[in-house]
Amino acid sequence: MSENKVIAGLQQAVSNCKRCDLWKTRNNSVLGEGNPNAKILFVGEAPGFNEDRQGKPFVGKAGAIFNQLLDSVGLKRQNIYITNVLKCRPPKNRNPFPNEIKACSLYINSQIETIKPEKICCLGNFSTSFIMKKFGLQDKLAGISKIHGTTFNVSTLTGTIKIIPLYHPAVATYDPGMLEPLKKDFSILTET
Ligand code: SF4
């Protein structure tokens with residue numbers, strides 16, 4: 001089955017999904033967006049207010065900063081794929097519960113298997129924790145302020161994947177001084 005067909009099937013599945021209670025409060029589930037053959041996969045935490053309203057990932061203020069960061073390294077949204085660990089918004093943007101992450105993990109796992117990225121950029125602590133544990137890097141896991149901008153290589157059946165933890169772009173919406181560290185970290189994408 002082609003990558004596009006798998007992604008379309010996942011889109012349908014998350015639209016109807018009731019695997020955790022977040023379906024009760026969502027307006028839209030948000031599978032992700034971008035190129036199903038992308039070499040770089042960005043993984044955030046969960047949809048926020050605007051994402052839930054529009055059914056799209058990384059829109060609103062954090063999305064504008066994300067676009068700016070992509071632009072700073074010559075990337076466009078259509079070159080990459082962007083998603084979140086959770087596909088539905090936690091009420092009031094609270095932190096995801098472990099049972100919600102567990103229930104939703106089949107979708108991100110399927111996206112990774114389908115897209116087969118060469119680099120996975122984890123945006124923020126929740127995404128970093130999920131992806132590093134998934135790839136057996138739990139002993140190297142630390143808070144995002146310690147490991148942002150570090151590249152971890154993991155060997156998989158489909159080749160080496162570079163795991164790169166980054167600050168979540170939303171940090172620059174309430175602290176504009178974080179834009180420069182974010183840009184510096186994103187510049188790694190052109191080097192590795
Ligand atoms: S967050 Fe994930 S598991 Fe929970 S209802 Fe939404 S799609 Fe299903």
# chains A, B, ... in the order shown; residues from 1 in each chain; ligands from 1
call {"tool": "residues_around", "arguments": {"residues": "Ile7 (chain A)", "least_positions_apart": "2", "cutoff": "8 Å", "atoms": "only C-alpha atoms", "output": "MDAnalysis selection string"}}
result
chainID A and resid 3:5 9:11 36 111 114
call {"tool": "closest_atom_pairs", "arguments": {"of": "chain A", "to": "ligand 1", "cutoff": "6 Å", "atoms": "only C-alpha atoms and all ligand atoms", "output": "JSON lines"}}
result
{"residue": "A:Val14", "atom": "CA", "partner": "ligand 1", "partner_atom_place_in_ligand_line": "7 (S)", "distance": 4.5}
{"residue": "A:Cys17", "atom": "CA", "partner": "ligand 1", "partner_atom_place_in_ligand_line": "8 (Fe)", "distance": 4.3}
{"residue": "A:Lys18", "atom": "CA", "partner": "ligand 1", "partner_atom_place_in_ligand_line": "5 (S)", "distance": 4.4}
{"residue": "A:Arg19", "atom": "CA", "partner": "ligand 1", "partner_atom_place_in_ligand_line": "3 (S)", "distance": 4.4}
{"residue": "A:Cys20", "atom": "CA", "partner": "ligand 1", "partner_atom_place_in_ligand_line": "4 (Fe)", "distance": 4.0}
{"residue": "A:Asp21", "atom": "CA", "partner": "ligand 1", "partner_atom_place_in_ligand_line": "5 (S)", "distance": 6.0}
{"residue": "A:Leu22", "atom": "CA", "partner": "ligand 1", "partner_atom_place_in_ligand_line": "5 (S)", "distance": 4.9}
{"residue": "A:Trp23", "atom": "CA", "partner": "ligand 1", "partner_atom_place_in_ligand_line": "5 (S)", "distance": 4.3}
{"residue": "A:Leu86", "atom": "CA", "partner": "ligand 1", "partner_atom_place_in_ligand_line": "1 (S)", "distance": 4.9}
{"residue": "A:Lys87", "atom": "CA", "partner": "ligand 1", "partner_atom_place_in_ligand_line": "1 (S)", "distance": 4.7}
{"residue": "A:Cys88", "atom": "CA", "partner": "ligand 1", "partner_atom_place_in_ligand_line": "1 (S)", "distance": 4.2}
{"residue": "A:Glu100", "atom": "CA", "partner": "ligand 1", "partner_atom_place_in_ligand_line": "4 (Fe)", "distance": 5.7}
{"residue": "A:Ala103", "atom": "CA", "partner": "ligand 1", "partner_atom_place_in_ligand_line": "3 (S)", "distance": 4.6}
{"residue": "A:Cys104", "atom": "CA", "partner": "ligand 1", "partner_atom_place_in_ligand_line": "3 (S)", "distance": 3.7}
call {"tool": "write_last_selection", "arguments": {"atoms": "N, CA and C atoms", "output": "PDB file, in the first residue's frame"}}
result
ATOM      1  N   VAL A  14      -8.300   8.166  13.026  1.00  0.00           N
ATOM      2  CA  VAL A  14      -8.262   9.119  14.148  1.00  0.00           C
ATOM      3  C   VAL A  14      -9.528   9.983  14.189  1.00  0.00           C
ATOM      4  N   CYS A  17     -11.799   7.873  16.176  1.00  0.00           N
ATOM      5  CA  CYS A  17     -11.188   7.178  17.316  1.00  0.00           C
ATOM      6  C   CYS A  17     -11.836   7.551  18.660  1.00  0.00           C
ATOM      7  N   LYS A  18     -12.056   6.503  19.469  1.00  0.00           N
ATOM      8  CA  LYS A  18     -12.568   6.703  20.837  1.00  0.00           C
ATOM      9  C   LYS A  18     -11.726   5.885  21.816  1.00  0.00           C
ATOM     10  N   ARG A  19     -10.451   5.715  21.492  1.00  0.00           N
ATOM     11  CA  ARG A  19      -9.594   4.859  22.318  1.00  0.00           C
ATOM     12  C   ARG A  19      -9.273   5.472  23.682  1.00  0.00           C
ATOM     13  N   CYS A  20      -9.376   6.802  23.795  1.00  0.00           N
ATOM     14  CA  CYS A  20      -9.258   7.427  25.118  1.00  0.00           C
ATOM     15  C   CYS A  20     -10.325   8.512  25.213  1.00  0.00           C
ATOM     16  N   ASP A  21     -10.478   9.087  26.389  1.00  0.00           N
ATOM     17  CA  ASP A  21     -11.602  10.019  26.611  1.00  0.00           C
ATOM     18  C   ASP A  21     -11.466  11.357  25.891  1.00  0.00           C
ATOM     19  N   LEU A  22     -10.321  11.618  25.278  1.00  0.00           N
ATOM     20  CA  LEU A  22     -10.154  12.922  24.628  1.00  0.00           C
ATOM     21  C   LEU A  22     -11.105  13.117  23.439  1.00  0.00           C
ATOM     22  N   TRP A  23     -11.687  12.043  22.923  1.00  0.00           N
ATOM     23  CA  TRP A  23     -12.640  12.186  21.811  1.00  0.00           C
ATOM     24  C   TRP A  23     -13.853  12.999  22.254  1.00  0.00           C
ATOM     25  N   LEU A  86      -0.062  12.948  20.657  1.00  0.00           N
ATOM     26  CA  LEU A  86      -1.519  12.808  20.800  1.00  0.00           C
ATOM     27  C   LEU A  86      -2.217  13.454  19.613  1.00  0.00           C
ATOM     28  N   LYS A  87      -3.279  12.833  19.169  1.00  0.00           N
ATOM     29  CA  LYS A  87      -4.004  13.359  18.007  1.00  0.00           C
ATOM     30  C   LYS A  87      -5.238  14.179  18.393  1.00  0.00           C
ATOM     31  N   CYS A  88      -5.569  14.234  19.676  1.00  0.00           N
ATOM     32  CA  CYS A  88      -6.694  15.069  20.122  1.00  0.00           C
ATOM     33  C   CYS A  88      -6.218  15.982  21.244  1.00  0.00           C
ATOM     34  N   GLU A 100      -3.430   8.176  28.001  1.00  0.00           N
ATOM     35  CA  GLU A 100      -3.774   8.763  26.697  1.00  0.00           C
ATOM     36  C   GLU A 100      -2.628   8.540  25.703  1.00  0.00           C
ATOM     37  N   ALA A 103      -2.747   4.914  24.685  1.00  0.00           N
ATOM     38  CA  ALA A 103      -3.864   4.613  23.779  1.00  0.00           C
ATOM     39  C   ALA A 103      -3.605   5.138  22.373  1.00  0.00           C
ATOM     40  N   CYS A 104      -2.942   6.282  22.278  1.00  0.00           N
ATOM     41  CA  CYS A 104      -2.761   6.957  20.984  1.00  0.00           C
ATOM     42  C   CYS A 104      -1.494   6.520  20.256  1.00  0.00           C
TER      43      CYS A 104
END
call {"tool": "residues_around", "arguments": {"residues": "region 174-179 of chain A", "least_positions_apart": "3", "cutoff": "12 Å", "atoms": "only C-alpha atoms", "output": "list in words"}}
result
Lys61, Ala62, Ala64, Ile65, Phe66, Gln68, Leu69, Ser72, Ser145, Leu166, Tyr167, His168, Pro169, Ala170, Val171, Leu182, Lys183, Lys184, Asp185 and Phe186 of chain A
call {"tool": "atom_distance", "arguments": {"atom1": "CA of Asn93 (chain A)", "atom2": "CA of Phe49 (chain A)"}}
result
7.6 Å
call {"tool": "closest_residue", "arguments": {"among": "A:Gly124, A:Ile82, A:Glu113, A:Ser129", "to": "Ile101 (chain A)", "atoms": "only C-alpha atoms"}}
result
A:Ser129
call {"tool": "select_by_dssp", "arguments": {"residues": "region 24-100 of chain A", "states": "helix (DSSP H, G or I)", "output": "MDAnalysis selection string"}}
result
chainID A and resid 24 49:54 60:72 77:79 91:93 98:100
call {"tool": "write_last_selection", "arguments": {"atoms": "C-alpha atoms", "output": "PDB file, in the first residue's frame"}}
result
ATOM      1  CA  LYS A  24     -15.375  13.596  24.058  1.00  0.00           C
ATOM      2  CA  PHE A  49      -6.816  25.371  20.712  1.00  0.00           C
ATOM      3  CA  ASN A  50      -6.274  26.481  17.105  1.00  0.00           C
ATOM      4  CA  GLU A  51      -5.221  23.025  15.923  1.00  0.00           C
ATOM      5  CA  ASP A  52      -8.365  21.498  17.435  1.00  0.00           C
ATOM      6  CA  ARG A  53     -10.510  24.132  15.691  1.00  0.00           C
ATOM      7  CA  GLN A  54      -8.847  23.754  12.296  1.00  0.00           C
ATOM      8  CA  GLY A  60      -1.682  29.814  15.316  1.00  0.00           C
ATOM      9  CA  LYS A  61       1.229  31.569  17.027  1.00  0.00           C
ATOM     10  CA  ALA A  62       3.359  28.469  17.649  1.00  0.00           C
ATOM     11  CA  GLY A  63       2.744  27.426  14.046  1.00  0.00           C
ATOM     12  CA  ALA A  64       3.947  30.813  12.775  1.00  0.00           C
ATOM     13  CA  ILE A  65       7.163  30.430  14.786  1.00  0.00           C
ATOM     14  CA  PHE A  66       7.574  26.875  13.521  1.00  0.00           C
ATOM     15  CA  ASN A  67       7.237  28.143   9.931  1.00  0.00           C
ATOM     16  CA  GLN A  68       9.816  30.860  10.674  1.00  0.00           C
ATOM     17  CA  LEU A  69      12.229  28.241  12.045  1.00  0.00           C
ATOM     18  CA  LEU A  70      11.746  26.004   9.007  1.00  0.00           C
ATOM     19  CA  ASP A  71      12.351  29.003   6.785  1.00  0.00           C
ATOM     20  CA  SER A  72      15.596  29.788   8.633  1.00  0.00           C
ATOM     21  CA  ARG A  77       6.088  22.569   5.287  1.00  0.00           C
ATOM     22  CA  GLN A  78       5.590  20.510   2.121  1.00  0.00           C
ATOM     23  CA  ASN A  79       9.145  19.079   2.464  1.00  0.00           C
ATOM     24  CA  PRO A  91      -8.798  20.104  27.666  1.00  0.00           C
ATOM     25  CA  LYS A  92      -7.274  23.503  28.455  1.00  0.00           C
ATOM     26  CA  ASN A  93      -3.986  22.229  26.986  1.00  0.00           C
ATOM     27  CA  PRO A  98       0.104   8.350  30.426  1.00  0.00           C
ATOM     28  CA  ASN A  99      -2.994   6.308  29.525  1.00  0.00           C
ATOM     29  CA  GLU A 100      -3.774   8.763  26.697  1.00  0.00           C
TER      30      GLU A 100
END
call {"tool": "residues_around", "arguments": {"residues": "region 187-190 of chain A", "least_positions_apart": "6", "cutoff": "9 Å", "atoms": "only C-alpha atoms", "output": "PyMOL selection string"}}
result
chain A and resi 40+69+72-74+119+149-151+164
call {"tool": "residues_around", "arguments": {"residues": "Phe42 (chain A)", "least_positions_apart": "4", "cutoff": "7 Å", "atoms": "only C-alpha atoms", "output": "PDB file with C-alpha atoms, in the first residue's frame"}}
result
ATOM      1  CA  TYR A  81       5.943  15.906   7.963  1.00  0.00           C
ATOM      2  CA  ILE A  82       4.634  17.370  11.211  1.00  0.00           C
ATOM      3  CA  THR A  83       2.530  15.566  13.790  1.00  0.00           C
ATOM      4  CA  ILE A 120      12.924  12.641  13.936  1.00  0.00           C
ATOM      5  CA  CYS A 121      12.860  16.046  15.626  1.00  0.00           C
ATOM      6  CA  CYS A 122      11.113  15.859  18.978  1.00  0.00           C
ATOM      7  CA  LEU A 123       9.526  19.165  19.955  1.00  0.00           C
TER       8      LEU A 123
END
call {"tool": "closest_residue", "arguments": {"among": "A:Pro165, A:Val6, A:Thr128, A:Lys56", "to": "Asn28 (chain A)", "atoms": "only C-alpha atoms"}}
result
A:Lys56
call {"tool": "decode", "arguments": {"residues": "region 10-51 of chain A", "atoms": "N, CA and C atoms", "output": "PDB file, in the first residue's frame"}}
result
ATOM      1  N   LEU A  10      -5.145   6.266   8.202  1.00  0.00           N
ATOM      2  CA  LEU A  10      -4.925   6.730   9.577  1.00  0.00           C
ATOM      3  C   LEU A  10      -5.781   7.959   9.866  1.00  0.00           C
ATOM      4  N   GLN A  11      -5.908   8.832   8.859  1.00  0.00           N
ATOM      5  CA  GLN A  11      -6.743  10.031   9.024  1.00  0.00           C
ATOM      6  C   GLN A  11      -8.181   9.632   9.355  1.00  0.00           C
ATOM      7  N   GLN A  12      -8.663   8.668   8.621  1.00  0.00           N
ATOM      8  CA  GLN A  12     -10.024   8.163   8.856  1.00  0.00           C
ATOM      9  C   GLN A  12     -10.139   7.568  10.259  1.00  0.00           C
ATOM     10  N   ALA A  13      -9.120   6.810  10.637  1.00  0.00           N
ATOM     11  CA  ALA A  13      -9.141   6.137  11.945  1.00  0.00           C
ATOM     12  C   ALA A  13      -9.148   7.147  13.098  1.00  0.00           C
ATOM     13  N   VAL A  14      -8.300   8.166  13.026  1.00  0.00           N
ATOM     14  CA  VAL A  14      -8.262   9.119  14.148  1.00  0.00           C
ATOM     15  C   VAL A  14      -9.528   9.983  14.189  1.00  0.00           C
ATOM     16  N   SER A  15     -10.148  10.185  13.026  1.00  0.00           N
ATOM     17  CA  SER A  15     -11.394  10.963  12.996  1.00  0.00           C
ATOM     18  C   SER A  15     -12.498  10.265  13.794  1.00  0.00           C
ATOM     19  N   ASN A  16     -12.454   8.933  13.773  1.00  0.00           N
ATOM     20  CA  ASN A  16     -13.501   8.161  14.459  1.00  0.00           C
ATOM     21  C   ASN A  16     -13.034   7.589  15.788  1.00  0.00           C
ATOM     22  N   CYS A  17     -11.799   7.873  16.176  1.00  0.00           N
ATOM     23  CA  CYS A  17     -11.188   7.178  17.316  1.00  0.00           C
ATOM     24  C   CYS A  17     -11.836   7.551  18.660  1.00  0.00           C
ATOM     25  N   LYS A  18     -12.056   6.503  19.469  1.00  0.00           N
ATOM     26  CA  LYS A  18     -12.568   6.703  20.837  1.00  0.00           C
ATOM     27  C   LYS A  18     -11.726   5.885  21.816  1.00  0.00           C
ATOM     28  N   ARG A  19     -10.451   5.715  21.492  1.00  0.00           N
ATOM     29  CA  ARG A  19      -9.594   4.859  22.318  1.00  0.00           C
ATOM     30  C   ARG A  19      -9.273   5.472  23.682  1.00  0.00           C
ATOM     31  N   CYS A  20      -9.376   6.802  23.795  1.00  0.00           N
ATOM     32  CA  CYS A  20      -9.258   7.427  25.118  1.00  0.00           C
ATOM     33  C   CYS A  20     -10.325   8.512  25.213  1.00  0.00           C
ATOM     34  N   ASP A  21     -10.478   9.087  26.389  1.00  0.00           N
ATOM     35  CA  ASP A  21     -11.602  10.019  26.611  1.00  0.00           C
ATOM     36  C   ASP A  21     -11.466  11.357  25.891  1.00  0.00           C
ATOM     37  N   LEU A  22     -10.321  11.618  25.278  1.00  0.00           N
ATOM     38  CA  LEU A  22     -10.154  12.922  24.628  1.00  0.00           C
ATOM     39  C   LEU A  22     -11.105  13.117  23.439  1.00  0.00           C
ATOM     40  N   TRP A  23     -11.687  12.043  22.923  1.00  0.00           N
ATOM     41  CA  TRP A  23     -12.640  12.186  21.811  1.00  0.00           C
ATOM     42  C   TRP A  23     -13.853  12.999  22.254  1.00  0.00           C
ATOM     43  N   LYS A  24     -14.152  12.948  23.562  1.00  0.00           N
ATOM     44  CA  LYS A  24     -15.375  13.596  24.058  1.00  0.00           C
ATOM     45  C   LYS A  24     -15.300  15.120  23.992  1.00  0.00           C
ATOM     46  N   THR A  25     -14.085  15.665  24.058  1.00  0.00           N
ATOM     47  CA  THR A  25     -13.945  17.132  24.103  1.00  0.00           C
ATOM     48  C   THR A  25     -13.319  17.717  22.837  1.00  0.00           C
ATOM     49  N   ARG A  26     -12.934  16.866  21.888  1.00  0.00           N
ATOM     50  CA  ARG A  26     -12.286  17.408  20.680  1.00  0.00           C
ATOM     51  C   ARG A  26     -13.327  17.979  19.720  1.00  0.00           C
ATOM     52  N   ASN A  27     -12.895  18.984  18.952  1.00  0.00           N
ATOM     53  CA  ASN A  27     -13.680  19.417  17.796  1.00  0.00           C
ATOM     54  C   ASN A  27     -13.211  18.665  16.563  1.00  0.00           C
ATOM     55  N   ASN A  28     -11.891  18.526  16.472  1.00  0.00           N
ATOM     56  CA  ASN A  28     -11.289  17.766  15.365  1.00  0.00           C
ATOM     57  C   ASN A  28     -10.096  16.992  15.893  1.00  0.00           C
ATOM     58  N   SER A  29      -9.912  15.781  15.412  1.00  0.00           N
ATOM     59  CA  SER A  29      -8.640  15.108  15.661  1.00  0.00           C
ATOM     60  C   SER A  29      -7.650  15.641  14.622  1.00  0.00           C
ATOM     61  N   VAL A  30      -6.369  15.572  14.957  1.00  0.00           N
ATOM     62  CA  VAL A  30      -5.327  16.123  14.084  1.00  0.00           C
ATOM     63  C   VAL A  30      -4.272  15.056  13.862  1.00  0.00           C
ATOM     64  N   LEU A  31      -4.327  14.399  12.709  1.00  0.00           N
ATOM     65  CA  LEU A  31      -3.345  13.341  12.447  1.00  0.00           C
ATOM     66  C   LEU A  31      -1.957  13.915  12.211  1.00  0.00           C
ATOM     67  N   GLY A  32      -1.878  14.914  11.344  1.00  0.00           N
ATOM     68  CA  GLY A  32      -0.580  15.475  10.962  1.00  0.00           C
ATOM     69  C   GLY A  32      -0.706  16.029   9.572  1.00  0.00           C
ATOM     70  N   GLU A  33       0.406  16.509   9.032  1.00  0.00           N
ATOM     71  CA  GLU A  33       0.354  17.175   7.730  1.00  0.00           C
ATOM     72  C   GLU A  33       1.742  17.168   7.121  1.00  0.00           C
ATOM     73  N   GLY A  34       1.791  17.116   5.823  1.00  0.00           N
ATOM     74  CA  GLY A  34       3.090  17.225   5.155  1.00  0.00           C
ATOM     75  C   GLY A  34       3.304  16.123   4.143  1.00  0.00           C
ATOM     76  N   ASN A  35       4.557  15.859   3.861  1.00  0.00           N
ATOM     77  CA  ASN A  35       4.953  14.905   2.827  1.00  0.00           C
ATOM     78  C   ASN A  35       5.126  13.511   3.439  1.00  0.00           C
ATOM     79  N   PRO A  36       4.306  12.528   3.032  1.00  0.00           N
ATOM     80  CA  PRO A  36       4.416  11.177   3.600  1.00  0.00           C
ATOM     81  C   PRO A  36       5.745  10.502   3.257  1.00  0.00           C
ATOM     82  N   ASN A  37       6.520  11.093   2.340  1.00  0.00           N
ATOM     83  CA  ASN A  37       7.855  10.564   2.020  1.00  0.00           C
ATOM     84  C   ASN A  37       8.964  11.458   2.578  1.00  0.00           C
ATOM     85  N   ALA A  38       8.624  12.297   3.527  1.00  0.00           N
ATOM     86  CA  ALA A  38       9.590  13.261   4.061  1.00  0.00           C
ATOM     87  C   ALA A  38      10.770  12.563   4.734  1.00  0.00           C
ATOM     88  N   LYS A  39      11.935  13.196   4.662  1.00  0.00           N
ATOM     89  CA  LYS A  39      13.109  12.666   5.366  1.00  0.00           C
ATOM     90  C   LYS A  39      13.140  13.151   6.809  1.00  0.00           C
ATOM     91  N   ILE A  40      12.421  14.245   7.073  1.00  0.00           N
ATOM     92  CA  ILE A  40      12.410  14.795   8.430  1.00  0.00           C
ATOM     93  C   ILE A  40      10.984  14.781   8.970  1.00  0.00           C
ATOM     94  N   LEU A  41      10.841  14.141  10.124  1.00  0.00           N
ATOM     95  CA  LEU A  41       9.552  14.095  10.805  1.00  0.00           C
ATOM     96  C   LEU A  41       9.647  14.920  12.087  1.00  0.00           C
ATOM     97  N   PHE A  42       8.762  15.869  12.272  1.00  0.00           N
ATOM     98  CA  PHE A  42       8.693  16.644  13.508  1.00  0.00           C
ATOM     99  C   PHE A  42       7.535  16.101  14.340  1.00  0.00           C
ATOM    100  N   VAL A  43       7.800  15.914  15.629  1.00  0.00           N
ATOM    101  CA  VAL A  43       6.759  15.370  16.510  1.00  0.00           C
ATOM    102  C   VAL A  43       6.593  16.296  17.718  1.00  0.00           C
ATOM    103  N   GLY A  44       5.418  16.890  17.831  1.00  0.00           N
ATOM    104  CA  GLY A  44       5.108  17.718  18.990  1.00  0.00           C
ATOM    105  C   GLY A  44       4.323  16.936  20.028  1.00  0.00           C
ATOM    106  N   GLU A  45       3.686  17.667  20.929  1.00  0.00           N
ATOM    107  CA  GLU A  45       3.013  17.017  22.064  1.00  0.00           C
ATOM    108  C   GLU A  45       1.551  16.654  21.743  1.00  0.00           C
ATOM    109  N   ALA A  46       0.761  17.667  21.427  1.00  0.00           N
ATOM    110  CA  ALA A  46      -0.676  17.450  21.209  1.00  0.00           C
ATOM    111  C   ALA A  46      -1.253  18.687  20.528  1.00  0.00           C
ATOM    112  N   PRO A  47      -2.409  18.550  19.873  1.00  0.00           N
ATOM    113  CA  PRO A  47      -3.032  19.746  19.292  1.00  0.00           C
ATOM    114  C   PRO A  47      -3.400  20.737  20.397  1.00  0.00           C
ATOM    115  N   GLY A  48      -3.346  22.021  20.075  1.00  0.00           N
ATOM    116  CA  GLY A  48      -3.806  23.067  20.985  1.00  0.00           C
ATOM    117  C   GLY A  48      -5.142  23.615  20.511  1.00  0.00           C
ATOM    118  N   PHE A  49      -5.505  24.773  21.013  1.00  0.00           N
ATOM    119  CA  PHE A  49      -6.816  25.371  20.712  1.00  0.00           C
ATOM    120  C   PHE A  49      -7.040  25.533  19.207  1.00  0.00           C
ATOM    121  N   ASN A  50      -6.086  26.200  18.543  1.00  0.00           N
ATOM    122  CA  ASN A  50      -6.274  26.481  17.105  1.00  0.00           C
ATOM    123  C   ASN A  50      -6.214  25.207  16.266  1.00  0.00           C
ATOM    124  N   GLU A  51      -5.350  24.282  16.655  1.00  0.00           N
ATOM    125  CA  GLU A  51      -5.221  23.025  15.923  1.00  0.00           C
ATOM    126  C   GLU A  51      -6.528  22.226  16.014  1.00  0.00           C
TER     127      GLU A  51
END
